[in-house]
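*Asks:* So here's coords38.txt (compact mmCIF, C-alpha atoms).
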# COMPACT_ATOMS: atom_id res chain seq x y z
CA MET A 1 -23.74 -12.70 -1.38
CA PRO A 2 -27.56 -12.90 -1.57
CA ASP A 3 -28.44 -11.14 1.69
CA PRO A 4 -28.72 -7.38 1.02
CA ARG A 5 -27.48 -6.73 4.56
CA CYS A 6 -24.24 -8.61 3.78
CA LYS A 7 -23.91 -6.53 0.61
CA GLN A 8 -24.30 -3.31 2.58
CA ILE A 9 -21.77 -4.45 5.21
CA PHE A 10 -19.29 -5.44 2.49
CA THR A 11 -19.10 -1.87 1.15
CA THR A 12 -18.18 -0.43 4.58
CA LEU A 13 -15.57 -2.91 5.85
CA SER A 14 -12.51 -0.74 5.12
CA GLN A 15 -14.13 2.32 6.67
CA TYR A 16 -14.91 0.20 9.73
CA LEU A 17 -11.33 -1.07 10.01
CA ASP A 18 -9.91 2.43 9.52
CA GLY A 19 -12.18 3.89 12.20
CA ASP A 20 -13.97 6.07 9.62
CA LEU A 21 -17.43 4.56 10.02
CA PRO A 22 -20.00 6.61 12.01
CA ALA A 23 -20.84 5.12 15.43
CA LYS A 24 -24.37 4.07 14.49
CA ASN A 25 -23.18 2.23 11.39
CA CYS A 26 -20.47 0.56 13.52
CA ARG A 27 -23.09 -0.74 15.92
CA ASP A 28 -25.24 -2.04 13.05
CA LEU A 29 -22.22 -3.72 11.49
CA GLU A 30 -21.14 -5.34 14.74
CA ARG A 31 -24.67 -6.61 15.36
CA HIS A 32 -24.69 -8.16 11.90
CA LEU A 33 -21.28 -9.77 12.44
CA LYS A 34 -22.54 -11.55 15.56
CA ASP A 35 -24.99 -13.52 13.44
CA CYS A 36 -23.15 -13.78 10.13
CA LYS A 37 -20.09 -16.04 10.23
CA PRO A 38 -19.16 -15.56 6.55
CA CYS A 39 -19.10 -11.76 6.95
CA LEU A 40 -17.04 -12.10 10.12
CA ALA A 41 -14.60 -14.46 8.38
CA TYR A 42 -14.39 -12.09 5.41
CA LEU A 43 -13.59 -9.18 7.75
CA GLU A 44 -10.94 -11.20 9.63
CA ASN A 45 -9.27 -12.18 6.37
CA LEU A 46 -9.39 -8.59 5.14
CA LYS A 47 -7.67 -7.54 8.38
CA THR A 48 -4.99 -10.20 7.85
CA THR A 49 -4.47 -8.92 4.29
CA ILE A 50 -4.07 -5.29 5.40
CA GLN A 51 -1.69 -6.25 8.20
CA ALA A 52 0.35 -8.43 5.83
CA CYS A 53 0.62 -5.44 3.45
CA ARG A 54 1.89 -3.34 6.37
CA ASN A 55 4.48 -5.98 7.21
CA LEU A 56 5.77 -6.37 3.67
CA ARG A 57 9.43 -5.33 3.43
CA ILE A 58 11.77 -5.28 0.45
CA ALA A 59 14.72 -7.48 1.34
CA LYS A 60 17.60 -6.26 -0.81
CA ILE A 61 18.02 -2.51 -1.04
CA PRO A 62 21.01 -1.27 -3.07
CA ARG A 63 23.14 1.53 -1.65
CA PRO A 64 22.58 5.01 -3.08
CA SER A 65 24.74 5.70 -6.14
CA ALA A 66 27.73 8.05 -5.91
CA ARG A 67 25.80 10.49 -8.12
CA VAL A 68 22.83 10.61 -5.74
CA ARG A 69 25.04 10.93 -2.68
CA LYS A 70 27.09 13.76 -4.24
CA ALA A 71 23.99 15.64 -5.44
CA LEU A 72 22.29 15.49 -2.04
CA ILE A 73 25.41 16.41 -0.04
CA GLU A 74 26.02 19.41 -2.33
CA ALA A 75 22.36 20.44 -2.04
CA VAL A 76 22.54 20.37 1.77
CA ARG A 77 25.77 22.42 1.80
CA ARG A 78 24.46 25.10 -0.59
CA MET B 1 3.39 10.41 6.83
CA ASN B 2 5.99 7.68 6.64
CA ALA B 3 8.11 8.43 9.74
CA GLN B 4 11.35 7.19 8.15
CA VAL B 5 10.98 9.52 5.16
CA GLN B 6 9.93 12.52 7.20
CA GLN B 7 12.81 12.09 9.64
CA ALA B 8 15.35 11.74 6.81
CA LEU B 9 14.02 14.87 5.11
CA GLU B 10 14.20 16.81 8.40
CA ILE B 11 17.88 15.83 8.68
CA LEU B 12 18.54 17.05 5.12
CA LYS B 13 16.69 20.31 5.77
CA ALA B 14 18.66 20.85 9.00
CA GLY B 15 21.91 19.99 7.20
CA ASP B 16 23.22 17.87 10.09
CA PRO B 17 26.53 16.47 8.70
CA GLN B 18 26.71 13.68 11.31
CA ALA B 19 23.38 12.19 10.23
CA LEU B 20 23.55 12.95 6.51
CA ASP B 21 24.75 9.55 5.30
CA ARG B 22 22.10 7.77 7.34
CA ALA B 23 19.40 10.08 5.98
CA ILE B 24 20.48 9.48 2.36
CA GLU B 25 20.51 5.69 2.93
CA SER B 26 17.10 5.93 4.51
CA LEU B 27 15.60 7.86 1.59
CA GLN B 28 17.21 5.50 -0.91
CA GLY B 29 15.63 2.60 1.00
CA ALA B 30 12.20 4.18 1.12
CA VAL B 31 12.06 5.24 -2.54
CA TYR B 32 13.60 2.00 -3.82
CA ALA B 33 11.12 -0.05 -1.78
CA LEU B 34 8.23 2.02 -3.15
CA GLY B 35 9.56 1.44 -6.68
CA MET B 36 9.79 -2.31 -6.10
CA LYS B 37 6.26 -2.51 -4.73
CA VAL B 38 4.79 -0.42 -7.55
CA CYS B 39 6.87 -1.67 -10.51
CA GLY B 40 7.93 -5.14 -9.29
CA HIS B 41 11.28 -4.86 -11.05
CA PRO B 42 14.69 -4.05 -9.44
CA GLU B 43 15.98 -2.00 -12.41
CA ASP B 44 12.84 0.12 -12.49
CA ALA B 45 13.03 0.57 -8.73
CA GLU B 46 16.66 1.65 -8.99
CA ASP B 47 15.85 4.13 -11.78
CA THR B 48 12.98 5.47 -9.68
CA ALA B 49 15.23 5.96 -6.64
CA GLN B 50 18.00 7.56 -8.70
CA GLU B 51 15.80 10.03 -10.59
CA THR B 52 13.65 10.91 -7.58
CA LEU B 53 16.60 11.62 -5.30
CA ILE B 54 18.42 13.68 -7.95
CA ARG B 55 15.27 15.78 -8.32
CA LEU B 56 15.09 16.04 -4.54
CA ALA B 57 18.61 17.49 -4.47
CA ARG B 58 17.53 20.16 -6.98
CA SER B 59 14.36 21.07 -5.06
CA LEU B 60 15.50 20.70 -1.45
CA LYS B 61 15.69 24.45 -0.83
CA ASN B 62 12.24 25.11 -2.33
CA PHE B 63 10.40 23.57 0.62
CA LEU B 64 10.28 24.97 4.11
CA ASP B 65 8.71 22.00 5.82
CA ALA B 66 9.59 18.31 5.72
CA ARG B 67 6.00 17.11 5.41
CA ALA B 68 5.32 19.16 2.25
CA LEU B 69 8.64 17.92 0.89
CA ALA B 70 7.66 14.32 1.66
CA VAL B 71 4.37 14.69 -0.24
CA TRP B 72 6.29 16.18 -3.17
CA LEU B 73 8.85 13.33 -2.98
CA TYR B 74 6.11 10.68 -3.17
CA LYS B 75 4.52 12.52 -6.11
CA VAL B 76 7.81 12.50 -8.02
CA ALA B 77 8.48 8.84 -7.13
CA LYS B 78 4.97 7.85 -8.22
CA THR B 79 5.42 9.61 -11.58
CA GLN B 80 8.85 8.02 -12.07
CA CYS B 81 7.38 4.56 -11.36
CA LEU B 82 4.63 5.06 -13.91
CA MET B 83 7.16 6.26 -16.49
CA SER B 84 9.51 3.33 -15.93
CA ARG B 85 10.82 1.45 -18.92
CA ARG B 86 8.78 -1.61 -18.21
CA ARG B 87 5.54 0.31 -17.95
CA SER B 88 4.06 -1.87 -20.69
CA LYS B 89 3.91 -4.61 -18.06
CA PHE B 90 1.45 -2.55 -16.02
CA ALA B 91 -2.04 -3.92 -15.97
CA PRO B 92 -4.43 -1.74 -18.00
CA ALA B 93 -6.01 1.07 -15.98
CA GLN B 94 -9.45 -0.52 -15.80
CA MET B 95 -11.97 0.17 -13.05
CA LEU B 96 -12.52 -2.42 -10.33
CA SER B 97 -16.24 -2.96 -9.78
CA LEU B 98 -17.24 -3.61 -6.19
CA ASP B 99 -20.13 -5.80 -7.35
CA ALA B 100 -17.70 -8.04 -9.21
CA LEU B 101 -15.46 -8.27 -6.15
CA MET B 102 -18.25 -9.32 -3.78
CA PRO B 103 -17.98 -12.94 -2.74
CA ASP B 104 -20.91 -15.33 -2.98
CA HIS B 105 -20.97 -16.11 0.67
CA GLY B 106 -24.39 -17.12 1.89
CA ALA B 107 -23.85 -19.13 5.07
CA ALA B 108 -24.94 -22.32 3.33
CA SER B 109 -22.72 -21.75 0.31
CA PRO B 110 -19.62 -23.94 -0.02
CA ALA B 111 -17.87 -20.75 -1.20
CA ALA B 112 -18.61 -18.99 2.10
CA PRO B 113 -15.39 -17.46 3.50
CA LYS B 114 -13.66 -19.19 6.39
CA PRO B 115 -11.00 -17.56 8.58
CA TRP B 116 -7.52 -18.26 7.25
CA ALA B 117 -5.27 -20.33 9.48
CA ILE B 118 -2.36 -17.97 8.94
CA THR B 119 -1.21 -14.79 10.65
CA PRO B 120 -0.17 -11.61 8.78
CA GLU B 121 3.40 -12.23 9.95
CA GLU B 122 3.35 -15.74 8.47
CA VAL B 123 2.00 -14.40 5.16
CA VAL B 124 5.13 -12.29 4.67
CA LEU B 125 7.56 -14.79 6.22
CA HIS B 126 6.70 -17.70 3.90
CA ARG B 127 8.13 -17.21 0.47
CA GLU B 128 5.16 -18.69 -1.37
CA THR B 129 2.49 -16.63 0.40
CA ARG B 130 4.63 -13.52 0.22
CA ASP B 131 5.00 -14.05 -3.56
CA ARG B 132 1.21 -14.41 -3.81
CA LEU B 133 0.72 -11.17 -1.95
CA GLU B 134 3.23 -9.31 -4.15
CA LYS B 135 1.66 -10.75 -7.31
CA ALA B 136 -1.83 -9.76 -6.16
CA VAL B 137 -0.67 -6.17 -5.55
CA LEU B 138 1.06 -6.05 -8.94
CA ALA B 139 -2.11 -7.37 -10.61
CA LEU B 140 -4.05 -4.32 -9.41
CA PRO B 141 -4.66 -1.59 -11.99
CA PRO B 142 -2.12 1.21 -11.22
CA PRO B 143 -4.56 3.79 -9.74
CA TYR B 144 -5.66 1.21 -7.14
CA ARG B 145 -2.20 -0.25 -6.62
CA LEU B 146 -0.69 3.14 -5.84
CA VAL B 147 -3.40 3.99 -3.31
CA LEU B 148 -3.00 0.64 -1.53
CA ILE B 149 0.80 0.94 -1.42
CA LEU B 150 0.80 4.54 -0.21
CA ARG B 151 -1.90 3.99 2.43
CA ASP B 152 -1.31 0.46 3.70
CA MET B 153 2.40 -0.03 3.06
CA GLU B 154 3.91 3.46 3.25
CA GLN B 155 1.54 4.47 6.08
CA LEU B 156 0.49 7.80 4.55
CA ASP B 157 -2.86 9.03 5.82
CA THR B 158 -5.88 9.50 3.57
CA ARG B 159 -5.28 13.23 3.08
CA GLU B 160 -1.63 12.68 2.15
CA VAL B 161 -2.52 9.94 -0.34
CA ALA B 162 -5.11 12.30 -1.87
CA GLU B 163 -2.43 14.99 -2.22
CA VAL B 164 0.12 12.61 -3.76
CA MET B 165 -2.42 11.12 -6.17
CA GLU B 166 -4.16 14.46 -6.83
CA ILE B 167 -7.58 12.96 -6.20
CA SER B 168 -10.27 13.53 -3.54
CA GLU B 169 -10.19 11.78 -0.17
CA ASP B 170 -13.44 10.01 -1.07
CA THR B 171 -11.80 8.61 -4.19
CA VAL B 172 -8.84 7.43 -2.08
CA LYS B 173 -11.23 5.58 0.26
CA MET B 174 -13.17 4.05 -2.62
CA ARG B 175 -10.02 2.85 -4.41
CA LEU B 176 -8.46 1.64 -1.17
CA HIS B 177 -11.41 -0.57 -0.28
CA ARG B 178 -11.58 -2.10 -3.76
CA ALA B 179 -7.82 -2.66 -3.82
CA ARG B 180 -7.83 -4.34 -0.40
CA VAL B 181 -10.78 -6.53 -1.35
CA PHE B 182 -9.10 -7.50 -4.63
CA VAL B 183 -5.87 -8.52 -2.84
CA ARG B 184 -7.83 -10.31 -0.11
CA ASN B 185 -9.78 -12.27 -2.73
CA GLU B 186 -6.59 -13.19 -4.62
CA LEU B 187 -5.03 -14.49 -1.39
CA GLY B 188 -8.33 -16.24 -0.59
CA LYS B 189 -8.22 -18.16 -3.91
CA TYR B 190 -4.71 -19.29 -3.07
CA PHE B 191 -5.50 -20.28 0.52
CA SER B 192 -8.62 -22.20 -0.45
CA LYS B 193 -6.51 -24.24 -2.89
CA LYS B 194 -3.82 -24.77 -0.25
CA ASP B 195 -6.42 -25.49 2.41
CA HIS B 196 -5.18 -22.76 4.74
CA ALA B 197 -8.71 -22.19 6.01
CA ARG B 198 -9.71 -23.21 9.52
CA PRO B 199 -12.42 -25.90 9.60
What is this structure when it is put down as structure tokens?
*Replies:*
Amino acid sequence: MPDPRCKQIFTTLSQYLDGDLPAKNCRDLERHLKDCKPCLAYLENLKTTIQACRNLRIAKIPRPSARVRKALIEAVRR
Amino acid sequence: MNAQVQQALEILKAGDPQALDRAIESLQGAVYALGMKVCGHPEDAEDTAQETLIRLARSLKNFLDARALAVWLYKVAKTQCLMSRRRSKFAPAQMLSLDALMPDHGAASPAAPKPWAITPEEVVLHRETRDRLEKAVLALPPPYRLVLILRDMEQLDTREVAEVMEISEDTVKMRLHRARVFVRNELGKYFSKKDHARP
């Protein structure tokens, strides 16, 4: 990533996606993205990654053991 | 906070007998899933769920509010995961350097990123890409892995992750960005081999 501007943008991508980047920095970043296809592609792929993480589910979940169930029911009744 | 966990804890605190079974199932699901994502092994995940929920039963009355209890629950689950029997399989707790994670992506470079021709839904629906994603998360050093899982998978906010991890919010943000970039780059290596990039 030879362009120092790309380097600077790279460090702020998560803040940008999380809405934590100050407005002025957002505008600068968006201006840069208009002219820099690799940065834009990197951001899009980062977004896909984050969304895929959010969508990840564990398929097989075992039922709670009798010990856990008993302990929690007793704790609620106490 | 993870809505499923908070709701289940509210039911336990209220002692609603009609909803109790559902709440216990829900907590088992949430803690087991966290264990699987952090440890990557069903037995470790089951131990994590068992130990965490037994400790929850002992401490239920010590907390007045469900949110504080949820933060405590995640702290206990996190510690249980890290203490799991297969902890030797954890990657060493090295630091991830942002410089090392930066792609060489000058517009003229053949290594310049291209948008992937795959949606987030497809990533988790296809077994192969889903495996890649899970492996990339498991390859993260634990301090980064935990932050990514808590923030991006369990939907805790930055302050809650900071409380669970006992680190500052700035450290959460720093680790989160590096963890996301690491996972994105691992998926990128796979997609470039599989030619999942758009022309």
*Asks:* Can you pull out every residue within 7 Å of Leu72 in chain A, counting all atoms listed in the file, but drop anything in the same chain fewer than 4 positions away, and send it as a PyMOL selection string?
*Replies:* (chain A and resi 68+76) or (chain B and resi 57)
*Asks:* Around (-19.5, -4.1, 5.6), as given in the file, which residues come within 10 Å? Count all atoms listed in the file and list them as a ChimeraX atom specification.
*Replies:* /A:5-17,21,25-26,28-30,32-33,39-40,42-43
*Asks:* Suppose we keep C-alpha atoms; can you now write the selection as a PDB file, in the frame of the given file?
*Replies:*
ATOM      1  CA  ARG A   5     -27.480  -6.730   4.560  1.00  0.00           C
ATOM      2  CA  CYS A   6     -24.240  -8.610   3.780  1.00  0.00           C
ATOM      3  CA  LYS A   7     -23.910  -6.530   0.610  1.00  0.00           C
ATOM      4  CA  GLN A   8     -24.300  -3.310   2.580  1.00  0.00           C
ATOM      5  CA  ILE A   9     -21.770  -4.450   5.210  1.00  0.00           C
ATOM      6  CA  PHE A  10     -19.290  -5.440   2.490  1.00  0.00           C
ATOM      7  CA  THR A  11     -19.100  -1.870   1.150  1.00  0.00           C
ATOM      8  CA  THR A  12     -18.180  -0.430   4.580  1.00  0.00           C
ATOM      9  CA  LEU A  13     -15.570  -2.910   5.850  1.00  0.00           C
ATOM     10  CA  SER A  14     -12.510  -0.740   5.120  1.00  0.00           C
ATOM     11  CA  GLN A  15     -14.130   2.320   6.670  1.00  0.00           C
ATOM     12  CA  TYR A  16     -14.910   0.200   9.730  1.00  0.00           C
ATOM     13  CA  LEU A  17     -11.330  -1.070  10.010  1.00  0.00           C
ATOM     14  CA  LEU A  21     -17.430   4.560  10.020  1.00  0.00           C
ATOM     15  CA  ASN A  25     -23.180   2.230  11.390  1.00  0.00           C
ATOM     16  CA  CYS A  26     -20.470   0.560  13.520  1.00  0.00           C
ATOM     17  CA  ASP A  28     -25.240  -2.040  13.050  1.00  0.00           C
ATOM     18  CA  LEU A  29     -22.220  -3.720  11.490  1.00  0.00           C
ATOM     19  CA  GLU A  30     -21.140  -5.340  14.740  1.00  0.00           C
ATOM     20  CA  HIS A  32     -24.690  -8.160  11.900  1.00  0.00           C
ATOM     21  CA  LEU A  33     -21.280  -9.770  12.440  1.00  0.00           C
ATOM     22  CA  CYS A  39     -19.100 -11.760   6.950  1.00  0.00           C
ATOM     23  CA  LEU A  40     -17.040 -12.100  10.120  1.00  0.00           C
ATOM     24  CA  TYR A  42     -14.390 -12.090   5.410  1.00  0.00           C
ATOM     25  CA  LEU A  43     -13.590  -9.180   7.750  1.00  0.00           C
TER      26      LEU A  43
END
*Asks:* What are the nearest atom pairs, with distances in Å to one decimal, for all residues of chain B that come at most 8 Å from chain A, using only C-alpha atoms, set out by chain and rising residue number as CSV?
*Replies:*
residue,atom,partner,partner_atom,distance
B:Leu12,CA,A:Val76,CA,6.2
B:Lys13,CA,A:Val76,CA,7.1
B:Gly15,CA,A:Val76,CA,5.5
B:Leu20,CA,A:Ile73,CA,7.6
B:Ile24,CA,A:Arg69,CA,6.9
B:Glu25,CA,A:Pro64,CA,6.4
B:Gln28,CA,A:Pro64,CA,5.8
B:Gly29,CA,A:Ile61,CA,6.0
B:Tyr32,CA,A:Ile61,CA,6.9
B:Ala33,CA,A:Ile58,CA,5.7
B:Met36,CA,A:Ile58,CA,7.5
B:Glu46,CA,A:Pro62,CA,7.9
B:Gln50,CA,A:Val68,CA,6.4
B:Leu53,CA,A:Val68,CA,6.3
B:Ile54,CA,A:Val68,CA,5.8
B:Leu56,CA,A:Leu72,CA,7.6
B:Ala57,CA,A:Leu72,CA,4.8
B:Arg58,CA,A:Ala75,CA,6.9
B:Leu60,CA,A:Ala75,CA,6.9
B:Lys61,CA,A:Ala75,CA,7.9
B:Leu98,CA,A:Thr11,CA,7.8
B:Met102,CA,A:Met1,CA,6.9
B:Pro103,CA,A:Met1,CA,5.9
B:Asp104,CA,A:Met1,CA,4.2
B:His105,CA,A:Met1,CA,4.8
B:Gly106,CA,A:Met1,CA,5.5
B:Ala107,CA,A:Pro38,CA,6.1
B:Ala112,CA,A:Pro38,CA,5.6
B:Pro113,CA,A:Pro38,CA,5.2
B:Lys114,CA,A:Ala41,CA,5.2
B:Pro115,CA,A:Ala41,CA,4.8
B:Trp116,CA,A:Asn45,CA,6.4
B:Thr119,CA,A:Thr48,CA,6.6
B:Pro120,CA,A:Ala52,CA,4.4
B:Glu121,CA,A:Ala52,CA,6.4
B:Val123,CA,A:Ala52,CA,6.2
B:Val124,CA,A:Leu56,CA,6.0
B:Leu133,CA,A:Cys53,CA,7.9
B:Asp152,CA,A:Arg54,CA,5.6
B:Met153,CA,A:Arg54,CA,4.7
B:Glu154,CA,A:Arg54,CA,7.7
B:Gln155,CA,A:Arg54,CA,7.8
B:Lys173,CA,A:Gln15,CA,7.8
B:Leu176,CA,A:Ser14,CA,7.9
B:His177,CA,A:Ser14,CA,5.5
B:Arg180,CA,A:Ile50,CA,7.0
B:Val181,CA,A:Leu46,CA,6.9
B:Val183,CA,A:Thr49,CA,7.3
B:Arg184,CA,A:Thr49,CA,5.7
B:Leu187,CA,A:Thr49,CA,8.0
*Asks:* So, with all atoms listed in the file as the atoms that count, which of B:Val137, B:Leu96, B:Val5, B:Val31 lies closest to Asp44 in chain B?
*Replies:*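 Looking only at the distances to Asp44 in chain B, the closest residue turns out to be B:Val31.
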*Asks:* Work out how far CA of Pro42 in chain B is from CA of Ala3 in chain B, in Å to one decimal.
*Replies:*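 If I compute the distance from CA of Ala3 in chain B to CA of Pro42 in chain B, I get 23.8 Å.
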*Asks:* Just give me the gap between CA of Glu10 in chain B and CA of Lys78 in chain B in Å, one decimal is fine.
*Replies:*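 About the pair CA of Glu10 in chain B and CA of Lys78 in chain B: they are 21.0 Å apart.
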*Asks:* I'd like to know which of B:Arg55, B:Val71, B:Pro17, B:Glu128 is closest to Ala162 in chain B, using only C-alpha atoms.
*Replies:*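 Selected residue with least distance to Ala162 in chain B: B:Val71.
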*Asks:* Any idea what the distance is between CA of Val164 in chain B and CA of Leu69 in chain B?
*Replies:*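 Answer for the CA of Val164 in chain B to CA of Leu69 in chain B separation: 11.1 Å.
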*Asks:* Taking all atoms of range 21-38 of chain B that appear in the file, build a box with edges along x, y and z, extend it by 6 Å on every side, and state its centre and edge lengths in Å to one decimal, as lines of an AutoDock Vina configuration file.
*Replies:*
center_x = 14.8
center_y = 3.8
center_z = -0.1
size_x = 32.0
size_y = 24.6
size_z = 26.9
*Asks:* Return the single residue from B:Met174, B:Ala8, B:Leu34, B:Ala45 that is closest to Arg67 in chain B, with distances computed using all atoms listed in the file.
*Replies:*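 Closest to Arg67 in chain B, using all atoms listed in the file: B:Ala8.
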